[in-house]
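Student: Quick one: the structure is below, and I'll ask about it shortly.
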Amino acid sequence: GKGVIAEPSSVKIHDFTGTVWEDQFRQRNDRDLEAYLNTEKVIGDRFYRNILFREYGEFLTSLRGCYVAAEDAGVAVQDVDVVFERSRYTTCISPDLGGSGNPSVPTAAGVVRAMEGALAAEGMGTLKGKAIVIQGVGNVGRPMIGYLLEKGAASIIAGDVDESIVMKAKADYQDVPQVELRVLKSDEDKEQLWAEECDILSPCAYGAVLNETSIPKINAKIVCGAANNQLQDPHTHGELLLERKIVYVPDYVANRMGIVNCANESYGRVGSLEELKDPAILRHLDNEWESGVYRTVGRVLALSKAEGIASNKAADRLADECLAQPHPIWGRRSQEIIDSLVQDAWHEMTAA
């Protein structure tokens, strides 16, 4: 899932923690679970998931806090609570345990604000009267529809491969004429959704959806969604969007509110979780705050235009500049923890 990483020195750990832990998990459990793991029921089986996430919690604890985990696609709050049994280094814990739960609603609100920032940067006005296409109507896509309707979107076409998810969305929006919901049963259905003419295309399912096959089919002026790692190849597919003059809001710029919600969890909260009233969260959605979603999108797109570079590269540059600044209180704490892990031969201890 997502991880909350405080400093640039620990970014690399985000890429390999999952792989290292998976290797350790299998080494420690293959004898008991080898046959069971080969069954088709594993992913949805509570018994197996509890073993899996307890092991992951122990792995997180072994990292001494240089990496903090969070809920994401395929992981439920119930899973995170199991992690919490073995480690304090996780977020998105259930509200009953003092956590913030699923961060999907704040994520949806942030993506809509990013859309507004992109429209403003391109001189395209507001969301009022705009046509939006959403790929994925799960935990983020479904509330996003509501936010877009509040902003006056003229039409919203949203599709998902999971019929049960689409039915949940239909229960919420079946009487709203501006909303069309589709079950994407075939590759043709998926391609048709992707090729719909619209102002904004919003990928809100899984990653690697922007590639050399899909990008030529896009009929949107802006791409802005919640899915992680949307560019299949960040080195080339951002450039391809630029060549096609499609404005791309990089995923981690648009979907940051999920991590904001998680990262603030340990500081307590103001107001209920049902409503976005906490000023520490709301300021990120304030169009006037220099570091808010709206103005950050503007800076990214302005740099992209000024230097003729892909927007994902512009975002990376701005992010690197921010990450180069040490924490005002903790300095480079994560690097110190990582150095201590190496010094203490952490890899040998976890392999034992």
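Letters A, B, ... mark the chains of the structure tokens in the order given; residue numbers begin at 1 per chain; ligand numbers begin at 1, in order shown.
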How would you write, as number ranges by chain, the set of residues in segment 172-216 of chain A that DSSP gives as helix (DSSP H, G or I)?
Tutor: A: 172-173, 187-194, 215-216
Student: Extract, using only C-alpha atoms, all DNA, RNA and protein residues at most 10 Å from Glu71 of chain A, discarding same-chain residues fewer than 4 positions from it, and format them as a PyMOL selection string.
Tutor: chain A and resi 1-3+75-80+90-93+101-104+258-259+262
Student: I'd like the neighbourhood of Arg299 of chain A as a ChimeraX atom specification, where a residue qualifies if any of its atoms comes within 10 Å (using only C-alpha atoms), though same-chain residues fewer than 3 positions away should be ignored.
Tutor: /A:117,121,290-291,294-296,302-305,314-315,318
Student: Can I get the selected residues back with all heavy atoms, as a compact mmCIF listing (two decimals), in the first residue's frame?
Tutor:
```txt
# COMPACT_ATOMS: atom_id res chain seq x y z
N GLY A 117 -7.54 23.11 -10.42
CA GLY A 117 -6.25 23.76 -10.63
C GLY A 117 -5.77 23.64 -12.07
O GLY A 117 -5.23 24.59 -12.64
N ALA A 121 -5.22 26.67 -14.76
CA ALA A 121 -3.91 26.84 -15.38
C ALA A 121 -4.00 26.90 -16.90
O ALA A 121 -3.19 27.55 -17.56
CB ALA A 121 -2.99 25.70 -14.96
N GLU A 290 -0.45 28.46 -0.63
CA GLU A 290 0.62 28.25 -1.60
C GLU A 290 0.96 26.77 -1.76
O GLU A 290 1.31 26.31 -2.85
CB GLU A 290 1.88 29.02 -1.16
CG GLU A 290 3.03 28.94 -2.15
CD GLU A 290 2.72 29.60 -3.48
OE1 GLU A 290 1.86 30.49 -3.53
OE2 GLU A 290 3.35 29.21 -4.49
N SER A 291 0.87 26.01 -0.68
CA SER A 291 1.22 24.59 -0.74
C SER A 291 0.01 23.68 -0.91
O SER A 291 0.13 22.46 -0.81
CB SER A 291 1.98 24.19 0.54
OG SER A 291 3.20 24.88 0.64
N TYR A 294 -4.46 22.93 -5.26
CA TYR A 294 -4.81 23.79 -6.39
C TYR A 294 -3.58 24.54 -6.92
O TYR A 294 -3.27 24.49 -8.11
CB TYR A 294 -5.89 24.77 -5.93
CG TYR A 294 -6.41 25.73 -6.96
CD1 TYR A 294 -7.56 25.42 -7.71
CD2 TYR A 294 -5.81 26.96 -7.16
CE1 TYR A 294 -8.06 26.32 -8.64
CE2 TYR A 294 -6.30 27.87 -8.09
CZ TYR A 294 -7.43 27.53 -8.83
OH TYR A 294 -7.93 28.44 -9.75
N ARG A 295 -2.86 25.20 -6.03
CA ARG A 295 -1.73 26.01 -6.46
C ARG A 295 -0.51 25.17 -6.80
O ARG A 295 0.32 25.56 -7.62
CB ARG A 295 -1.41 27.07 -5.39
CG ARG A 295 -2.58 28.04 -5.21
CD ARG A 295 -2.26 29.20 -4.33
NE ARG A 295 -1.29 30.11 -4.93
CZ ARG A 295 -0.95 31.29 -4.41
NH1 ARG A 295 -1.51 31.69 -3.28
NH2 ARG A 295 -0.07 32.06 -5.00
N THR A 296 -0.39 24.02 -6.19
CA THR A 296 0.70 23.12 -6.55
C THR A 296 0.54 22.63 -7.98
O THR A 296 1.51 22.57 -8.75
CB THR A 296 0.76 21.92 -5.59
OG1 THR A 296 1.00 22.38 -4.26
CG2 THR A 296 1.86 20.95 -5.99
N ALA A 302 2.89 25.15 -14.87
CA ALA A 302 3.62 26.34 -15.32
C ALA A 302 5.07 25.98 -15.64
O ALA A 302 5.63 26.43 -16.66
CB ALA A 302 3.57 27.43 -14.25
N LEU A 303 5.70 25.17 -14.80
CA LEU A 303 7.08 24.74 -15.07
C LEU A 303 7.15 23.88 -16.32
O LEU A 303 8.08 24.01 -17.13
CB LEU A 303 7.61 23.98 -13.86
CG LEU A 303 9.04 23.43 -13.98
CD1 LEU A 303 10.04 24.55 -14.21
CD2 LEU A 303 9.43 22.63 -12.73
N SER A 304 6.16 23.03 -16.49
CA SER A 304 6.11 22.18 -17.67
C SER A 304 6.07 23.03 -18.95
O SER A 304 6.80 22.76 -19.91
CB SER A 304 4.89 21.26 -17.60
OG SER A 304 4.70 20.55 -18.79
N LYS A 305 5.24 24.05 -18.94
CA LYS A 305 5.12 24.93 -20.11
C LYS A 305 6.38 25.75 -20.33
O LYS A 305 6.88 25.88 -21.45
CB LYS A 305 3.92 25.86 -19.94
CG LYS A 305 2.57 25.20 -20.07
CD LYS A 305 1.47 26.24 -19.88
CE LYS A 305 0.10 25.61 -19.91
NZ LYS A 305 -0.97 26.61 -19.66
N ALA A 314 8.33 17.74 -14.43
CA ALA A 314 8.24 19.01 -13.70
C ALA A 314 7.88 18.75 -12.24
O ALA A 314 8.46 19.34 -11.33
CB ALA A 314 7.21 19.92 -14.36
N ALA A 315 6.91 17.87 -12.02
CA ALA A 315 6.50 17.54 -10.66
C ALA A 315 7.64 16.89 -9.88
O ALA A 315 7.87 17.20 -8.70
CB ALA A 315 5.28 16.62 -10.68
N LEU A 318 10.14 19.59 -8.73
CA LEU A 318 9.65 20.36 -7.59
C LEU A 318 9.64 19.51 -6.32
O LEU A 318 9.96 20.00 -5.23
CB LEU A 318 8.25 20.90 -7.89
CG LEU A 318 8.16 21.94 -9.01
CD1 LEU A 318 6.70 22.32 -9.27
CD2 LEU A 318 8.96 23.19 -8.64
```
Student: Take atom CA of Leu63 of chain A and atom CA of Ala345 of chain A and report the distance between them in Å, one decimal.
Tutor: 11.7 Å
Student: Smallest atom-to-atom distance to Tyr147 of chain A: which of A:Ala319, A:Ala109, A:Val270, A:Ala205, using only C-alpha atoms?
Tutor: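 Of all the options, A:Ala109 lies closest to Tyr147 of chain A.
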Student: If we count only C-alpha atoms, what is near segment 125-130 of chain A at a cut-off of 8 Å, once residues fewer than 6 positions away on the same chain are taken out, given as a VMD selection string?
Tutor: chain A and resid 115 to 116 119 148 151 to 155 198 to 200
Student: Can you list every residue in segment 187-341 of chain A that DSSP puts in strand (DSSP E), as a VMD selection string?
Tutor: chain A and resid 197 to 203 219 to 223 247 to 248
Student: Store the residues picked out above in a file with all heavy atoms, as an mmCIF file, in the first residue's frame.
Tutor:
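Wrote it out as result.cif, contents follow:
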```
data_model
loop_
_atom_site.group_PDB
_atom_site.id
_atom_site.type_symbol
_atom_site.label_atom_id
_atom_site.label_comp_id
_atom_site.auth_asym_id
_atom_site.auth_seq_id
_atom_site.Cartn_x
_atom_site.Cartn_y
_atom_site.Cartn_z
ATOM 1 N N GLU A 197 -15.114 11.498 -25.766
ATOM 2 C CA GLU A 197 -14.723 12.907 -25.845
ATOM 3 C C GLU A 197 -15.165 13.615 -24.575
ATOM 4 O O GLU A 197 -16.322 13.544 -24.168
ATOM 5 C CB GLU A 197 -15.364 13.566 -27.065
ATOM 6 C CG GLU A 197 -14.878 14.980 -27.305
ATOM 7 C CD GLU A 197 -15.376 15.548 -28.616
ATOM 8 O OE1 GLU A 197 -15.938 14.779 -29.425
ATOM 9 O OE2 GLU A 197 -15.213 16.770 -28.830
ATOM 10 N N CYS A 198 -14.222 14.297 -23.926
ATOM 11 C CA CYS A 198 -14.535 14.936 -22.650
ATOM 12 C C CYS A 198 -13.509 16.018 -22.348
ATOM 13 O O CYS A 198 -12.502 16.154 -23.045
ATOM 14 C CB CYS A 198 -14.554 13.901 -21.522
ATOM 15 S SG CYS A 198 -12.985 13.034 -21.299
ATOM 16 N N ASP A 199 -13.782 16.772 -21.304
ATOM 17 C CA ASP A 199 -12.818 17.776 -20.856
ATOM 18 C C ASP A 199 -11.729 17.137 -19.995
ATOM 19 O O ASP A 199 -10.554 17.478 -20.115
ATOM 20 C CB ASP A 199 -13.532 18.877 -20.060
ATOM 21 C CG ASP A 199 -14.505 19.660 -20.917
ATOM 22 O OD1 ASP A 199 -14.043 20.363 -21.829
ATOM 23 O OD2 ASP A 199 -15.729 19.545 -20.686
ATOM 24 N N ILE A 200 -12.150 16.216 -19.114
ATOM 25 C CA ILE A 200 -11.196 15.598 -18.187
ATOM 26 C C ILE A 200 -11.422 14.092 -18.142
ATOM 27 O O ILE A 200 -12.547 13.628 -17.941
ATOM 28 C CB ILE A 200 -11.337 16.167 -16.764
ATOM 29 C CG1 ILE A 200 -11.103 17.686 -16.761
ATOM 30 C CG2 ILE A 200 -10.354 15.482 -15.807
ATOM 31 C CD1 ILE A 200 -11.360 18.339 -15.412
ATOM 32 N N LEU A 201 -10.346 13.338 -18.323
ATOM 33 C CA LEU A 201 -10.347 11.896 -18.125
ATOM 34 C C LEU A 201 -9.690 11.618 -16.779
ATOM 35 O O LEU A 201 -8.578 12.106 -16.515
ATOM 36 C CB LEU A 201 -9.567 11.202 -19.238
ATOM 37 C CG LEU A 201 -9.304 9.696 -19.066
ATOM 38 C CD1 LEU A 201 -10.617 8.912 -19.082
ATOM 39 C CD2 LEU A 201 -8.372 9.187 -20.166
ATOM 40 N N SER A 202 -10.354 10.844 -15.933
ATOM 41 C CA SER A 202 -9.867 10.624 -14.581
ATOM 42 C C SER A 202 -9.650 9.142 -14.295
ATOM 43 O O SER A 202 -10.598 8.416 -13.965
ATOM 44 C CB SER A 202 -10.869 11.210 -13.574
ATOM 45 O OG SER A 202 -10.369 11.150 -12.263
ATOM 46 N N PRO A 203 -8.403 8.662 -14.402
ATOM 47 C CA PRO A 203 -8.109 7.261 -14.052
ATOM 48 C C PRO A 203 -8.151 7.074 -12.530
ATOM 49 O O PRO A 203 -7.348 7.676 -11.810
ATOM 50 C CB PRO A 203 -6.693 7.051 -14.594
ATOM 51 C CG PRO A 203 -6.422 8.215 -15.501
ATOM 52 C CD PRO A 203 -7.220 9.336 -14.942
ATOM 53 N N ASN A 219 -9.412 11.226 -25.858
ATOM 54 C CA ASN A 219 -10.073 12.400 -26.437
ATOM 55 C C ASN A 219 -10.412 13.410 -25.351
ATOM 56 O O ASN A 219 -11.462 14.054 -25.384
ATOM 57 C CB ASN A 219 -11.350 11.981 -27.173
ATOM 58 C CG ASN A 219 -11.057 11.408 -28.543
ATOM 59 O OD1 ASN A 219 -10.277 11.975 -29.306
ATOM 60 N ND2 ASN A 219 -11.645 10.271 -28.848
ATOM 61 N N ALA A 220 -9.527 13.532 -24.394
ATOM 62 C CA ALA A 220 -9.705 14.489 -23.300
ATOM 63 C C ALA A 220 -8.632 15.562 -23.384
ATOM 64 O O ALA A 220 -7.531 15.322 -23.874
ATOM 65 C CB ALA A 220 -9.616 13.776 -21.957
ATOM 66 N N LYS A 221 -8.959 16.752 -22.873
ATOM 67 C CA LYS A 221 -7.988 17.838 -22.837
ATOM 68 C C LYS A 221 -7.054 17.693 -21.638
ATOM 69 O O LYS A 221 -5.905 18.125 -21.674
ATOM 70 C CB LYS A 221 -8.721 19.182 -22.782
ATOM 71 C CG LYS A 221 -9.679 19.418 -23.947
ATOM 72 C CD LYS A 221 -10.449 20.711 -23.760
ATOM 73 C CE LYS A 221 -11.456 20.919 -24.885
ATOM 74 N NZ LYS A 221 -12.578 19.933 -24.824
ATOM 75 N N ILE A 222 -7.588 17.115 -20.563
ATOM 76 C CA ILE A 222 -6.835 16.981 -19.305
ATOM 77 C C ILE A 222 -6.977 15.556 -18.785
ATOM 78 O O ILE A 222 -8.059 14.959 -18.876
ATOM 79 C CB ILE A 222 -7.368 17.966 -18.240
ATOM 80 C CG1 ILE A 222 -7.135 19.416 -18.677
ATOM 81 C CG2 ILE A 222 -6.736 17.714 -16.872
ATOM 82 C CD1 ILE A 222 -7.841 20.445 -17.798
ATOM 83 N N VAL A 223 -5.902 15.011 -18.241
ATOM 84 C CA VAL A 223 -5.949 13.735 -17.528
ATOM 85 C C VAL A 223 -5.593 14.016 -16.077
ATOM 86 O O VAL A 223 -4.516 14.542 -15.781
ATOM 87 C CB VAL A 223 -4.972 12.698 -18.120
ATOM 88 C CG1 VAL A 223 -4.954 11.441 -17.265
ATOM 89 C CG2 VAL A 223 -5.358 12.362 -19.556
ATOM 90 N N VAL A 247 -2.975 17.770 -21.261
ATOM 91 C CA VAL A 247 -2.476 18.232 -19.960
ATOM 92 C C VAL A 247 -2.596 17.092 -18.961
ATOM 93 O O VAL A 247 -3.692 16.576 -18.725
ATOM 94 C CB VAL A 247 -3.273 19.464 -19.474
ATOM 95 C CG1 VAL A 247 -2.822 19.865 -18.078
ATOM 96 C CG2 VAL A 247 -3.105 20.613 -20.455
ATOM 97 N N TYR A 248 -1.488 16.715 -18.373
ATOM 98 C CA TYR A 248 -1.468 15.615 -17.412
ATOM 99 C C TYR A 248 -1.111 16.130 -16.033
ATOM 100 O O TYR A 248 -0.054 16.741 -15.843
ATOM 101 C CB TYR A 248 -0.459 14.550 -17.857
ATOM 102 C CG TYR A 248 -0.252 13.449 -16.841
ATOM 103 C CD1 TYR A 248 -1.330 12.699 -16.371
ATOM 104 C CD2 TYR A 248 1.020 13.178 -16.334
ATOM 105 C CE1 TYR A 248 -1.134 11.691 -15.425
ATOM 106 C CE2 TYR A 248 1.221 12.174 -15.392
ATOM 107 C CZ TYR A 248 0.134 11.438 -14.942
ATOM 108 O OH TYR A 248 0.316 10.457 -14.005
#
```
